[in-house]
>>> print(open('start_39.cif').read())   # mmCIF, C-alpha atoms; chains and numbers go by the auth columns
data_model
#
loop_
_atom_site.group_PDB
_atom_site.id
_atom_site.type_symbol
_atom_site.label_atom_id
_atom_site.label_comp_id
_atom_site.label_asym_id
_atom_site.label_seq_id
_atom_site.Cartn_x
_atom_site.Cartn_y
_atom_site.Cartn_z
_atom_site.B_iso_or_equiv
_atom_site.auth_seq_id
_atom_site.auth_asym_id
ATOM 1 C CA MET A 1 -23.544 2.952 -12.607 0.00 47 A
ATOM 2 C CA SER A 2 -20.781 5.369 -13.368 0.00 48 A
ATOM 3 C CA ASP A 3 -18.533 6.336 -10.508 0.00 49 A
ATOM 4 C CA PRO A 4 -15.624 8.803 -10.609 0.00 50 A
ATOM 5 C CA LEU A 5 -13.397 6.295 -8.831 0.00 51 A
ATOM 6 C CA LEU A 6 -14.193 3.507 -11.278 0.00 52 A
ATOM 7 C CA ASP A 7 -13.755 5.832 -14.249 0.00 53 A
ATOM 8 C CA ALA A 8 -10.374 7.074 -13.024 0.00 54 A
ATOM 9 C CA ALA A 9 -8.915 3.816 -11.700 0.00 55 A
ATOM 10 C CA ASP A 10 -6.243 2.416 -13.975 0.00 56 A
ATOM 11 C CA PHE A 11 -6.454 -1.358 -14.046 0.00 57 A
ATOM 12 C CA THR A 12 -3.349 -3.199 -15.176 0.00 58 A
ATOM 13 C CA ASP A 13 -2.984 -5.720 -17.986 0.00 59 A
ATOM 14 C CA ASP A 14 -4.449 -8.408 -15.748 0.00 60 A
ATOM 15 C CA ASP A 15 -7.464 -6.173 -14.986 0.00 61 A
ATOM 16 C CA LEU A 16 -6.458 -5.637 -11.360 0.00 62 A
ATOM 17 C CA ILE A 17 -5.649 -2.622 -9.214 0.00 63 A
ATOM 18 C CA PRO A 18 -3.888 -2.818 -5.824 0.00 64 A
ATOM 19 C CA ALA A 19 -5.794 -1.512 -2.808 0.00 65 A
ATOM 20 C CA ILE A 20 -3.934 -0.462 0.337 0.00 66 A
ATOM 21 C CA VAL A 21 -6.090 -0.791 3.452 0.00 67 A
ATOM 22 C CA GLN A 22 -5.533 1.492 6.431 0.00 68 A
ATOM 23 C CA ASP A 23 -7.261 1.416 9.809 0.00 69 A
ATOM 24 C CA ALA A 24 -9.418 4.568 9.944 0.00 70 A
ATOM 25 C CA GLU A 25 -9.092 4.775 13.705 0.00 71 A
ATOM 26 C CA THR A 26 -5.390 4.091 14.267 0.00 72 A
ATOM 27 C CA ASP A 27 -3.859 4.800 10.798 0.00 73 A
ATOM 28 C CA GLN A 28 -2.132 1.401 10.920 0.00 74 A
ATOM 29 C CA VAL A 29 -1.652 -0.155 7.468 0.00 75 A
ATOM 30 C CA LEU A 30 -3.578 -3.424 7.697 0.00 76 A
ATOM 31 C CA MET A 31 -3.080 -5.160 4.359 0.00 77 A
ATOM 32 C CA MET A 32 -2.901 -4.825 0.615 0.00 78 A
ATOM 33 C CA ALA A 33 -5.002 -6.800 -1.837 0.00 79 A
ATOM 34 C CA TYR A 34 -6.254 -6.510 -5.402 0.00 80 A
ATOM 35 C CA MET A 35 -9.580 -5.519 -6.935 0.00 81 A
ATOM 36 C CA THR A 36 -11.205 -5.996 -10.300 0.00 82 A
ATOM 37 C CA ALA A 37 -13.571 -3.339 -11.647 0.00 83 A
ATOM 38 C CA GLU A 38 -16.427 -5.574 -10.506 0.00 84 A
ATOM 39 C CA THR A 39 -15.208 -5.998 -6.920 0.00 85 A
ATOM 40 C CA LEU A 40 -14.364 -2.281 -6.721 0.00 86 A
ATOM 41 C CA GLN A 41 -17.913 -1.522 -7.862 0.00 87 A
ATOM 42 C CA GLU A 42 -19.304 -3.957 -5.284 0.00 88 A
ATOM 43 C CA THR A 43 -17.127 -2.400 -2.581 0.00 89 A
ATOM 44 C CA LEU A 44 -18.444 1.075 -3.410 0.00 90 A
ATOM 45 C CA ASP A 45 -22.046 -0.137 -3.644 0.00 91 A
ATOM 46 C CA THR A 46 -22.054 -2.130 -0.397 0.00 92 A
ATOM 47 C CA GLY A 47 -19.518 -0.217 1.708 0.00 93 A
ATOM 48 C CA ARG A 48 -17.809 -3.531 2.495 0.00 94 A
ATOM 49 C CA MET A 49 -14.386 -4.410 1.131 0.00 95 A
ATOM 50 C CA VAL A 50 -14.517 -7.008 -1.656 0.00 96 A
ATOM 51 C CA TYR A 51 -11.341 -8.198 -3.404 0.00 97 A
ATOM 52 C CA TRP A 52 -10.142 -10.491 -6.133 0.00 98 A
ATOM 53 C CA SER A 53 -8.052 -13.385 -4.853 0.00 99 A
ATOM 54 C CA ARG A 54 -5.177 -13.910 -7.272 0.00 100 A
ATOM 55 C CA SER A 55 -4.260 -17.279 -5.735 0.00 101 A
ATOM 56 C CA ARG A 56 -7.793 -18.678 -5.841 0.00 102 A
ATOM 57 C CA GLN A 57 -8.837 -16.656 -8.900 0.00 103 A
ATOM 58 C CA GLU A 58 -12.147 -15.751 -7.355 0.00 104 A
ATOM 59 C CA ARG A 59 -14.106 -12.922 -5.777 0.00 105 A
ATOM 60 C CA TRP A 60 -13.356 -12.599 -2.086 0.00 106 A
ATOM 61 C CA VAL A 61 -15.653 -10.818 0.370 0.00 107 A
ATOM 62 C CA LYS A 62 -13.396 -9.850 3.255 0.00 108 A
ATOM 63 C CA GLY A 63 -14.671 -11.412 6.493 0.00 109 A
ATOM 64 C CA GLN A 64 -17.177 -13.748 4.869 0.00 110 A
ATOM 65 C CA THR A 65 -15.657 -16.754 6.652 0.00 111 A
ATOM 66 C CA SER A 66 -14.086 -15.080 9.671 0.00 112 A
ATOM 67 C CA GLY A 67 -16.588 -12.303 10.361 0.00 113 A
ATOM 68 C CA HIS A 68 -13.661 -9.892 10.254 0.00 114 A
ATOM 69 C CA THR A 69 -15.275 -7.489 7.831 0.00 115 A
ATOM 70 C CA GLN A 70 -13.986 -4.119 6.687 0.00 116 A
ATOM 71 C CA THR A 71 -16.393 -1.196 6.374 0.00 117 A
ATOM 72 C CA VAL A 72 -15.302 1.600 4.055 0.00 118 A
ATOM 73 C CA GLU A 73 -14.825 4.980 5.689 0.00 119 A
ATOM 74 C CA GLU A 74 -12.949 6.657 2.844 0.00 120 A
ATOM 75 C CA ALA A 75 -11.671 5.785 -0.641 0.00 121 A
ATOM 76 C CA ARG A 76 -8.690 7.477 -2.270 0.00 122 A
ATOM 77 C CA LEU A 77 -6.821 7.168 -5.556 0.00 123 A
ATOM 78 C CA ASP A 78 -3.207 8.131 -6.075 0.00 124 A
ATOM 79 C CA CYS A 79 -1.901 10.778 -8.472 0.00 125 A
ATOM 80 C CA ASP A 80 -1.386 8.463 -11.439 0.00 126 A
ATOM 81 C CA GLY A 81 -4.537 6.466 -10.767 0.00 127 A
ATOM 82 C CA ASP A 82 -3.003 3.026 -10.404 0.00 128 A
ATOM 83 C CA THR A 83 -3.289 2.464 -6.638 0.00 129 A
ATOM 84 C CA LEU A 84 -6.280 2.693 -4.299 0.00 130 A
ATOM 85 C CA LEU A 85 -6.154 3.583 -0.608 0.00 131 A
ATOM 86 C CA PHE A 86 -9.102 2.673 1.581 0.00 132 A
ATOM 87 C CA ARG A 87 -9.543 3.765 5.157 0.00 133 A
ATOM 88 C CA VAL A 88 -11.755 1.194 6.866 0.00 134 A
ATOM 89 C CA HIS A 89 -13.336 0.135 10.087 0.00 135 A
ATOM 90 C CA GLN A 90 -11.795 -3.312 10.695 0.00 136 A
ATOM 91 C CA GLU A 91 -13.669 -5.908 12.729 0.00 137 A
ATOM 92 C CA GLY A 92 -11.229 -8.219 14.553 0.00 138 A
ATOM 93 C CA GLY A 93 -8.069 -8.734 12.530 0.00 139 A
ATOM 94 C CA ALA A 94 -7.175 -8.200 8.887 0.00 140 A
ATOM 95 C CA CYS A 95 -4.620 -11.027 8.745 0.00 141 A
ATOM 96 C CA HIS A 96 -5.594 -14.674 8.292 0.00 142 A
ATOM 97 C CA THR A 97 -2.826 -15.588 10.773 0.00 143 A
ATOM 98 C CA GLY A 98 -4.717 -13.838 13.592 0.00 144 A
ATOM 99 C CA PHE A 99 -2.869 -10.533 13.668 0.00 145 A
ATOM 100 C CA ARG A 100 -4.551 -7.168 13.445 0.00 146 A
ATOM 101 C CA SER A 101 -2.308 -6.274 10.470 0.00 147 A
ATOM 102 C CA CYS A 102 -0.698 -8.416 7.776 0.00 148 A
ATOM 103 C CA PHE A 103 2.455 -6.327 8.309 0.00 149 A
ATOM 104 C CA HIS A 104 3.101 -7.750 11.783 0.00 150 A
ATOM 105 C CA ARG A 105 6.804 -8.474 11.242 0.00 151 A
ATOM 106 C CA ARG A 106 9.548 -5.920 11.065 0.00 152 A
ATOM 107 C CA ALA A 107 12.909 -6.561 9.462 0.00 153 A
ATOM 108 C CA ALA A 108 15.776 -6.476 11.950 0.00 154 A
ATOM 109 C CA ASP A 109 19.516 -6.805 11.315 0.00 155 A
ATOM 110 C CA ASP A 110 19.548 -10.480 12.214 0.00 156 A
ATOM 111 C CA GLY A 111 16.052 -11.592 11.233 0.00 157 A
ATOM 112 C CA TRP A 112 12.514 -10.596 12.124 0.00 158 A
ATOM 113 C CA THR A 113 10.778 -8.927 15.020 0.00 159 A
ATOM 114 C CA THR A 114 7.115 -9.863 15.254 0.00 160 A
ATOM 115 C CA ASP A 115 5.575 -6.909 17.021 0.00 161 A
ATOM 116 C CA GLY A 116 2.040 -7.017 15.660 0.00 162 A
ATOM 117 C CA GLU A 117 -0.987 -7.431 17.864 0.00 163 A
ATOM 118 C CA LYS A 118 -2.533 -10.916 17.783 0.00 164 A
ATOM 119 C CA VAL A 119 -6.289 -10.484 18.024 0.00 165 A
ATOM 120 C CA PHE A 120 -7.740 -13.912 17.231 0.00 166 A
ATOM 121 C CA ASP A 121 -6.873 -17.596 17.014 0.00 167 A
ATOM 122 C CA PRO A 122 -6.972 -18.623 13.338 0.00 168 A
ATOM 123 C CA ASP A 123 -7.557 -22.297 14.254 0.00 169 A
ATOM 124 C CA ALA A 124 -10.777 -21.312 15.984 0.00 170 A
ATOM 125 C CA VAL A 125 -11.941 -19.104 13.114 0.00 171 A
ATOM 126 C CA TYR A 126 -11.024 -21.086 9.988 0.00 172 A
ATOM 127 C CA GLU A 127 -11.937 -24.752 10.219 0.00 173 A
ATOM 128 C CA MET B 1 25.007 -9.869 1.110 0.00 86 B
ATOM 129 C CA SER B 2 22.150 -11.992 2.363 0.00 87 B
ATOM 130 C CA ASP B 3 19.333 -10.217 4.105 0.00 88 B
ATOM 131 C CA PRO B 4 16.230 -11.763 5.683 0.00 89 B
ATOM 132 C CA LEU B 5 14.008 -9.270 3.890 0.00 90 B
ATOM 133 C CA LEU B 6 15.530 -9.984 0.498 0.00 91 B
ATOM 134 C CA ASP B 7 15.372 -13.727 1.109 0.00 92 B
ATOM 135 C CA ALA B 8 11.706 -13.628 2.133 0.00 93 B
ATOM 136 C CA ALA B 9 10.400 -11.060 -0.367 0.00 94 B
ATOM 137 C CA ASP B 10 8.342 -12.672 -3.103 0.00 95 B
ATOM 138 C CA PHE B 11 8.992 -10.905 -6.396 0.00 96 B
ATOM 139 C CA THR B 12 6.357 -11.362 -9.073 0.00 97 B
ATOM 140 C CA ASP B 13 6.780 -12.661 -12.599 0.00 98 B
ATOM 141 C CA ASP B 14 8.080 -9.266 -13.681 0.00 99 B
ATOM 142 C CA ASP B 15 10.657 -9.332 -10.831 0.00 100 B
ATOM 143 C CA LEU B 16 8.968 -6.532 -8.911 0.00 101 B
ATOM 144 C CA ILE B 17 7.463 -6.176 -5.450 0.00 102 B
ATOM 145 C CA PRO B 18 5.149 -3.325 -4.402 0.00 103 B
ATOM 146 C CA ALA B 19 6.327 -1.101 -1.545 0.00 104 B
ATOM 147 C CA ILE B 20 3.834 0.946 0.456 0.00 105 B
ATOM 148 C CA VAL B 21 5.414 4.050 1.970 0.00 106 B
ATOM 149 C CA GLN B 22 4.087 5.499 5.208 0.00 107 B
ATOM 150 C CA ASP B 23 5.169 8.672 6.992 0.00 108 B
ATOM 151 C CA ALA B 24 6.919 7.511 10.176 0.00 109 B
ATOM 152 C CA GLU B 25 5.910 10.675 12.003 0.00 110 B
ATOM 153 C CA THR B 26 2.240 11.071 11.025 0.00 111 B
ATOM 154 C CA ASP B 27 1.312 7.551 9.773 0.00 112 B
ATOM 155 C CA GLN B 28 -0.039 9.083 6.550 0.00 113 B
ATOM 156 C CA VAL B 29 0.286 6.771 3.539 0.00 114 B
ATOM 157 C CA LEU B 30 2.471 8.724 1.141 0.00 115 B
ATOM 158 C CA MET B 31 2.781 6.578 -1.976 0.00 116 B
ATOM 159 C CA MET B 32 3.247 3.131 -3.412 0.00 117 B
ATOM 160 C CA ALA B 33 5.962 2.174 -5.867 0.00 118 B
ATOM 161 C CA TYR B 34 7.793 -0.926 -7.008 0.00 119 B
ATOM 162 C CA MET B 35 11.203 -2.375 -6.240 0.00 120 B
ATOM 163 C CA THR B 36 13.449 -4.919 -7.881 0.00 121 B
ATOM 164 C CA ALA B 37 15.703 -7.111 -5.743 0.00 122 B
ATOM 165 C CA GLU B 38 18.543 -4.748 -6.669 0.00 123 B
ATOM 166 C CA THR B 39 16.745 -1.553 -5.631 0.00 124 B
ATOM 167 C CA LEU B 40 15.493 -3.232 -2.445 0.00 125 B
ATOM 168 C CA GLN B 41 19.086 -4.206 -1.663 0.00 126 B
ATOM 169 C CA GLU B 42 20.246 -0.652 -2.377 0.00 127 B
ATOM 170 C CA THR B 43 17.454 0.738 -0.178 0.00 128 B
ATOM 171 C CA LEU B 44 18.526 -1.491 2.720 0.00 129 B
ATOM 172 C CA ASP B 45 22.222 -0.740 2.198 0.00 130 B
ATOM 173 C CA THR B 46 21.866 3.041 1.939 0.00 131 B
ATOM 174 C CA GLY B 47 18.800 3.694 4.088 0.00 132 B
ATOM 175 C CA ARG B 48 17.342 5.785 1.243 0.00 133 B
ATOM 176 C CA MET B 49 14.320 4.628 -0.749 0.00 134 B
ATOM 177 C CA VAL B 50 15.243 3.462 -4.251 0.00 135 B
ATOM 178 C CA TYR B 51 12.581 2.160 -6.657 0.00 136 B
ATOM 179 C CA TRP B 52 12.146 0.745 -10.115 0.00 137 B
ATOM 180 C CA SER B 53 10.186 3.005 -12.437 0.00 138 B
ATOM 181 C CA ARG B 54 7.871 0.830 -14.509 0.00 139 B
ATOM 182 C CA SER B 55 7.076 3.678 -16.919 0.00 140 B
ATOM 183 C CA ARG B 56 10.689 4.646 -17.543 0.00 141 B
ATOM 184 C CA GLN B 57 12.045 1.124 -16.979 0.00 142 B
ATOM 185 C CA GLU B 58 14.912 2.380 -14.893 0.00 143 B
ATOM 186 C CA ARG B 59 16.227 2.631 -11.360 0.00 144 B
ATOM 187 C CA TRP B 60 14.789 5.622 -9.527 0.00 145 B
ATOM 188 C CA VAL B 61 16.404 7.164 -6.448 0.00 146 B
ATOM 189 C CA LYS B 62 13.564 8.984 -4.716 0.00 147 B
ATOM 190 C CA GLY B 63 14.390 12.665 -4.374 0.00 148 B
ATOM 191 C CA GLN B 64 17.404 12.643 -6.691 0.00 149 B
ATOM 192 C CA THR B 65 15.921 15.476 -8.785 0.00 150 B
ATOM 193 C CA SER B 66 13.668 17.138 -6.238 0.00 151 B
ATOM 194 C CA GLY B 67 15.681 16.692 -3.055 0.00 152 B
ATOM 195 C CA HIS B 68 12.591 15.127 -1.521 0.00 153 B
ATOM 196 C CA THR B 69 14.332 12.046 -0.249 0.00 154 B
ATOM 197 C CA GLN B 70 12.914 9.301 1.948 0.00 155 B
ATOM 198 C CA THR B 71 15.006 7.911 4.788 0.00 156 B
ATOM 199 C CA VAL B 72 14.063 4.435 5.982 0.00 157 B
ATOM 200 C CA GLU B 73 12.925 4.207 9.592 0.00 158 B
ATOM 201 C CA GLU B 74 11.437 0.713 9.440 0.00 159 B
ATOM 202 C CA ALA B 75 10.900 -2.052 6.861 0.00 160 B
ATOM 203 C CA ARG B 76 8.080 -4.603 7.062 0.00 161 B
ATOM 204 C CA LEU B 77 6.894 -7.528 4.963 0.00 162 B
ATOM 205 C CA ASP B 78 3.338 -8.821 4.924 0.00 163 B
ATOM 206 C CA CYS B 79 2.205 -12.316 5.916 0.00 164 B
ATOM 207 C CA ASP B 80 2.495 -13.854 2.462 0.00 165 B
ATOM 208 C CA GLY B 81 5.665 -11.984 1.586 0.00 166 B
ATOM 209 C CA ASP B 82 4.471 -10.188 -1.536 0.00 167 B
ATOM 210 C CA THR B 83 4.141 -6.596 -0.260 0.00 168 B
ATOM 211 C CA LEU B 84 6.615 -4.353 1.533 0.00 169 B
ATOM 212 C CA LEU B 85 5.741 -1.572 3.957 0.00 170 B
ATOM 213 C CA PHE B 86 8.326 1.101 4.686 0.00 171 B
ATOM 214 C CA ARG B 87 7.996 3.750 7.336 0.00 172 B
ATOM 215 C CA VAL B 88 10.121 6.695 6.263 0.00 173 B
ATOM 216 C CA HIS B 89 11.204 10.190 7.080 0.00 174 B
ATOM 217 C CA GLN B 90 9.969 12.185 4.076 0.00 175 B
ATOM 218 C CA GLU B 91 11.708 15.393 3.052 0.00 176 B
ATOM 219 C CA GLY B 92 9.243 17.821 1.449 0.00 177 B
ATOM 220 C CA GLY B 93 6.570 15.960 -0.486 0.00 178 B
ATOM 221 C CA ALA B 94 6.292 12.426 -1.838 0.00 179 B
ATOM 222 C CA CYS B 95 4.135 13.377 -4.828 0.00 180 B
ATOM 223 C CA HIS B 96 5.563 14.822 -8.038 0.00 181 B
ATOM 224 C CA THR B 97 2.511 17.133 -8.211 0.00 182 B
ATOM 225 C CA GLY B 98 3.667 18.962 -5.061 0.00 183 B
ATOM 226 C CA PHE B 99 1.500 17.259 -2.485 0.00 184 B
ATOM 227 C CA ARG B 100 2.822 15.634 0.650 0.00 185 B
ATOM 228 C CA SER B 101 1.055 12.365 -0.324 0.00 186 B
ATOM 229 C CA CYS B 102 0.188 10.864 -3.706 0.00 187 B
ATOM 230 C CA PHE B 103 -3.216 9.997 -2.205 0.00 188 B
ATOM 231 C CA HIS B 104 -4.307 13.627 -1.979 0.00 189 B
ATOM 232 C CA ARG B 105 -7.754 13.122 -3.541 0.00 190 B
ATOM 233 C CA ARG B 106 -10.680 11.438 -1.875 0.00 191 B
ATOM 234 C CA ALA B 107 -13.619 9.994 -3.760 0.00 192 B
ATOM 235 C CA ALA B 108 -16.864 11.820 -3.061 0.00 193 B
ATOM 236 C CA ASP B 109 -20.362 11.028 -4.305 0.00 194 B
ATOM 237 C CA ASP B 110 -20.160 13.545 -7.115 0.00 195 B
ATOM 238 C CA GLY B 111 -16.458 13.589 -7.912 0.00 196 B
ATOM 239 C CA TRP B 112 -13.256 14.272 -6.002 0.00 197 B
ATOM 240 C CA THR B 113 -12.273 16.183 -2.921 0.00 198 B
ATOM 241 C CA THR B 114 -8.637 17.236 -2.978 0.00 199 B
ATOM 242 C CA ASP B 115 -7.753 17.548 0.683 0.00 200 B
ATOM 243 C CA GLY B 116 -4.044 16.781 0.614 0.00 201 B
ATOM 244 C CA GLU B 117 -1.432 19.232 1.781 0.00 202 B
ATOM 245 C CA LYS B 118 0.474 20.984 -0.998 0.00 203 B
ATOM 246 C CA VAL B 119 4.051 21.394 0.157 0.00 204 B
ATOM 247 C CA PHE B 120 5.989 22.495 -2.931 0.00 205 B
ATOM 248 C CA ASP B 121 5.594 23.973 -6.404 0.00 206 B
ATOM 249 C CA PRO B 122 6.453 21.278 -8.953 0.00 207 B
ATOM 250 C CA ASP B 123 7.266 23.891 -11.640 0.00 208 B
ATOM 251 C CA ALA B 124 9.975 25.272 -9.391 0.00 209 B
ATOM 252 C CA VAL B 125 11.388 21.836 -8.560 0.00 210 B
ATOM 253 C CA TYR B 126 11.266 19.956 -11.880 0.00 211 B
ATOM 254 C CA GLU B 127 12.529 22.042 -14.787 0.00 212 B
#
>>> encode(input="start_39.cif", output="structure tokens")
Amino acid sequence: MSDPLLDAADFTDDDLIPAIVQDAETDQVLMMAYMTAETLQETLDTGRMVYWSRSRQERWVKGQTSGHTQTVEEARLDCDGDTLLFRVHQEGGACHTGFRSCFHRRAADDGWTTDGEKVFDPDAVYE
Amino acid sequence: MSDPLLDAADFTDDDLIPAIVQDAETDQVLMMAYMTAETLQETLDTGRMVYWSRSRQERWVKGQTSGHTQTVEEARLDCDGDTLLFRVHQEGGACHTGFRSCFHRRAADDGWTTDGEKVFDPDAVYE
């Protein structure tokens, strides 16, 4: 199936495109991950975020293990076509460490301030 | 100078790290671009966003031509250290096409909806 987003998305040499994920309700940036054309297609077809894990080199359905799925509310592409922005409904937390957002630490002059919201216990979710 | 952010940031094989840029006032995602260790250091030292242009292969001070500078309000790093998130004060527009955000087009079933805010005339800014 042809899709304007798939046609316009500019995948890099390693056949990936970065996808920024933003909470559709709060506008918080939750995470960034990468998609192949196939996982982008699956995301658009199913309305659930599906990525490509670069570390595991495999397709990765967000929330398959944890239940912390992401439902697509809106998909955007930037001006030069090489970055996606999805606004999603996030169940639970986006971060595998239990925080709502993967960007839960802020750089301070003398180190880090962890000010993110912890929403689940990773030990209880990932066995 | 050592900096916790520079020490923790995980640059890829091509010595770059992606930086998501979010409007500190409205939470809108404005753009994504890449930084080297040197431009990240310069960004932290000066408080102005400085990138590495992959297309031109050169250092790129945001707003140097257009005046549409970005002042750093907050710098974050994600859980696995391979993506930066900056919250900035954006002068004018982030996008070279004149829009406030580079993500000014939304995918619709039959094409694109351009719903971004146009804030300047690129022909008047870039000669």
>>> resolve_selection(input="start_39.cif", expression="the PyMOL selection byres ((chain A) within 8 of (chain B))", output="ChimeraX atom specification")
/A:49-51,66,73-74,77-78,120-125,129,131,141,143,148-153,155-158
>>> resolve_selection(input="start_39.cif", expression="the PyMOL selection byres ((chain A and resi 84) around 12)", output="PyMOL selection string")
chain A and resi 47+52+57+61-63+80-83+85-91+95-98+104-106
>>> atom_distance(input="start_39.cif", atom1="CA of Ala209 (chain B)", atom2="CA of Glu176 (chain B)")
16.0 Å
>>> atom_distance(input="start_39.cif", atom1="CA of Gly178 (chain B)", atom2="CA of Arg133 (chain B)")
14.9 Å
>>> atom_distance(input="start_39.cif", atom1="CA of Thr115 (chain A)", atom2="CA of Ala65 (chain A)")
15.5 Å
>>> residues_around(input="start_39.cif", residues="Val210 (chain B)", least_positions_apart="3", cutoff="7 Å", atoms="all atoms listed in the file", output="list in words")
Ser151, Asp206 and Pro207 of chain B
>>> residues_around(input="start_39.cif", residues="His135 (chain A)", least_positions_apart="2", cutoff="7 Å", atoms="all atoms listed in the file", output="list in words")
Asp69, Ala70, Gln116, Thr117, Val118, Glu119 and Glu137 of chain A
>>> axis_aligned_box(input="start_39.cif", around="region 49-64 of chain A", padding_each_side="8 Å", output="AutoDock Vina command-line options")
--center_x -10.8 --center_y 0.2 --center_z -11.9 --size_x 31.5 --size_y 33.2 --size_z 28.2
>>> closest_residue(input="start_39.cif", among="B:Glu110, B:Tyr211, B:Asp99, B:Glu202", to="Gly148 (chain B)", atoms="only C-alpha atoms")
B:Tyr211
>>> residues_around(input="start_39.cif", residues="Gly138 (chain A)", least_positions_apart="2", cutoff="7 Å", atoms="only C-alpha atoms", output="list in words")
His114, Gln136, Ala140, Arg146 and Val165 of chain A
>>> build_atoms(input="start_39.cif", residues="region 137-151 of chain A", atoms="N, CA and C atoms", output="JSON list (two decimals), in the coordinates of the input")
[["chain", "number", "residue", "atom", "x", "y", "z"],
["A", 137, "GLU", "N", -13.24, -5.01, 11.65],
["A", 137, "GLU", "CA", -13.67, -5.91, 12.73],
["A", 137, "GLU", "C", -12.55, -6.92, 12.98],
["A", 138, "GLY", "N", -12.22, -7.18, 14.23],
["A", 138, "GLY", "CA", -11.23, -8.22, 14.55],
["A", 138, "GLY", "C", -9.88, -7.95, 13.93],
["A", 139, "GLY", "N", -9.39, -8.88, 13.13],
["A", 139, "GLY", "CA", -8.07, -8.73, 12.53],
["A", 139, "GLY", "C", -8.12, -8.86, 11.02],
["A", 140, "ALA", "N", -7.22, -8.14, 10.35],
["A", 140, "ALA", "CA", -7.18, -8.20, 8.89],
["A", 140, "ALA", "C", -6.43, -9.44, 8.40],
["A", 141, "CYS", "N", -5.52, -9.97, 9.22],
["A", 141, "CYS", "CA", -4.62, -11.03, 8.74],
["A", 141, "CYS", "C", -5.17, -12.41, 9.07],
["A", 142, "HIS", "N", -5.08, -13.32, 8.09],
["A", 142, "HIS", "CA", -5.59, -14.67, 8.29],
["A", 142, "HIS", "C", -4.79, -15.45, 9.35],
["A", 143, "THR", "N", -3.63, -14.92, 9.74],
["A", 143, "THR", "CA", -2.83, -15.59, 10.77],
["A", 143, "THR", "C", -3.23, -15.15, 12.18],
["A", 144, "GLY", "N", -4.21, -14.24, 12.28],
["A", 144, "GLY", "CA", -4.72, -13.84, 13.59],
["A", 144, "GLY", "C", -4.24, -12.49, 14.07],
["A", 145, "PHE", "N", -3.36, -11.86, 13.28],
["A", 145, "PHE", "CA", -2.87, -10.53, 13.67],
["A", 145, "PHE", "C", -3.80, -9.43, 13.17],
["A", 146, "ARG", "N", -3.77, -8.33, 13.86],
["A", 146, "ARG", "CA", -4.55, -7.17, 13.44],
["A", 146, "ARG", "C", -4.15, -6.73, 12.03],
["A", 147, "SER", "N", -2.84, -6.71, 11.77],
["A", 147, "SER", "CA", -2.31, -6.27, 10.47],
["A", 147, "SER", "C", -1.51, -7.40, 9.83],
["A", 148, "CYS", "N", -1.54, -7.46, 8.50],
["A", 148, "CYS", "CA", -0.70, -8.42, 7.78],
["A", 148, "CYS", "C", 0.79, -8.04, 7.86],
["A", 149, "PHE", "N", 1.06, -6.79, 8.21],
["A", 149, "PHE", "CA", 2.46, -6.33, 8.31],
["A", 149, "PHE", "C", 2.92, -6.41, 9.76],
["A", 150, "HIS", "N", 2.81, -7.60, 10.36],
["A", 150, "HIS", "CA", 3.10, -7.75, 11.78],
["A", 150, "HIS", "C", 4.56, -8.10, 12.06],
["A", 151, "ARG", "N", 5.38, -8.19, 11.01],
["A", 151, "ARG", "CA", 6.80, -8.47, 11.24],
["A", 151, "ARG", "C", 7.68, -7.39, 10.63]]
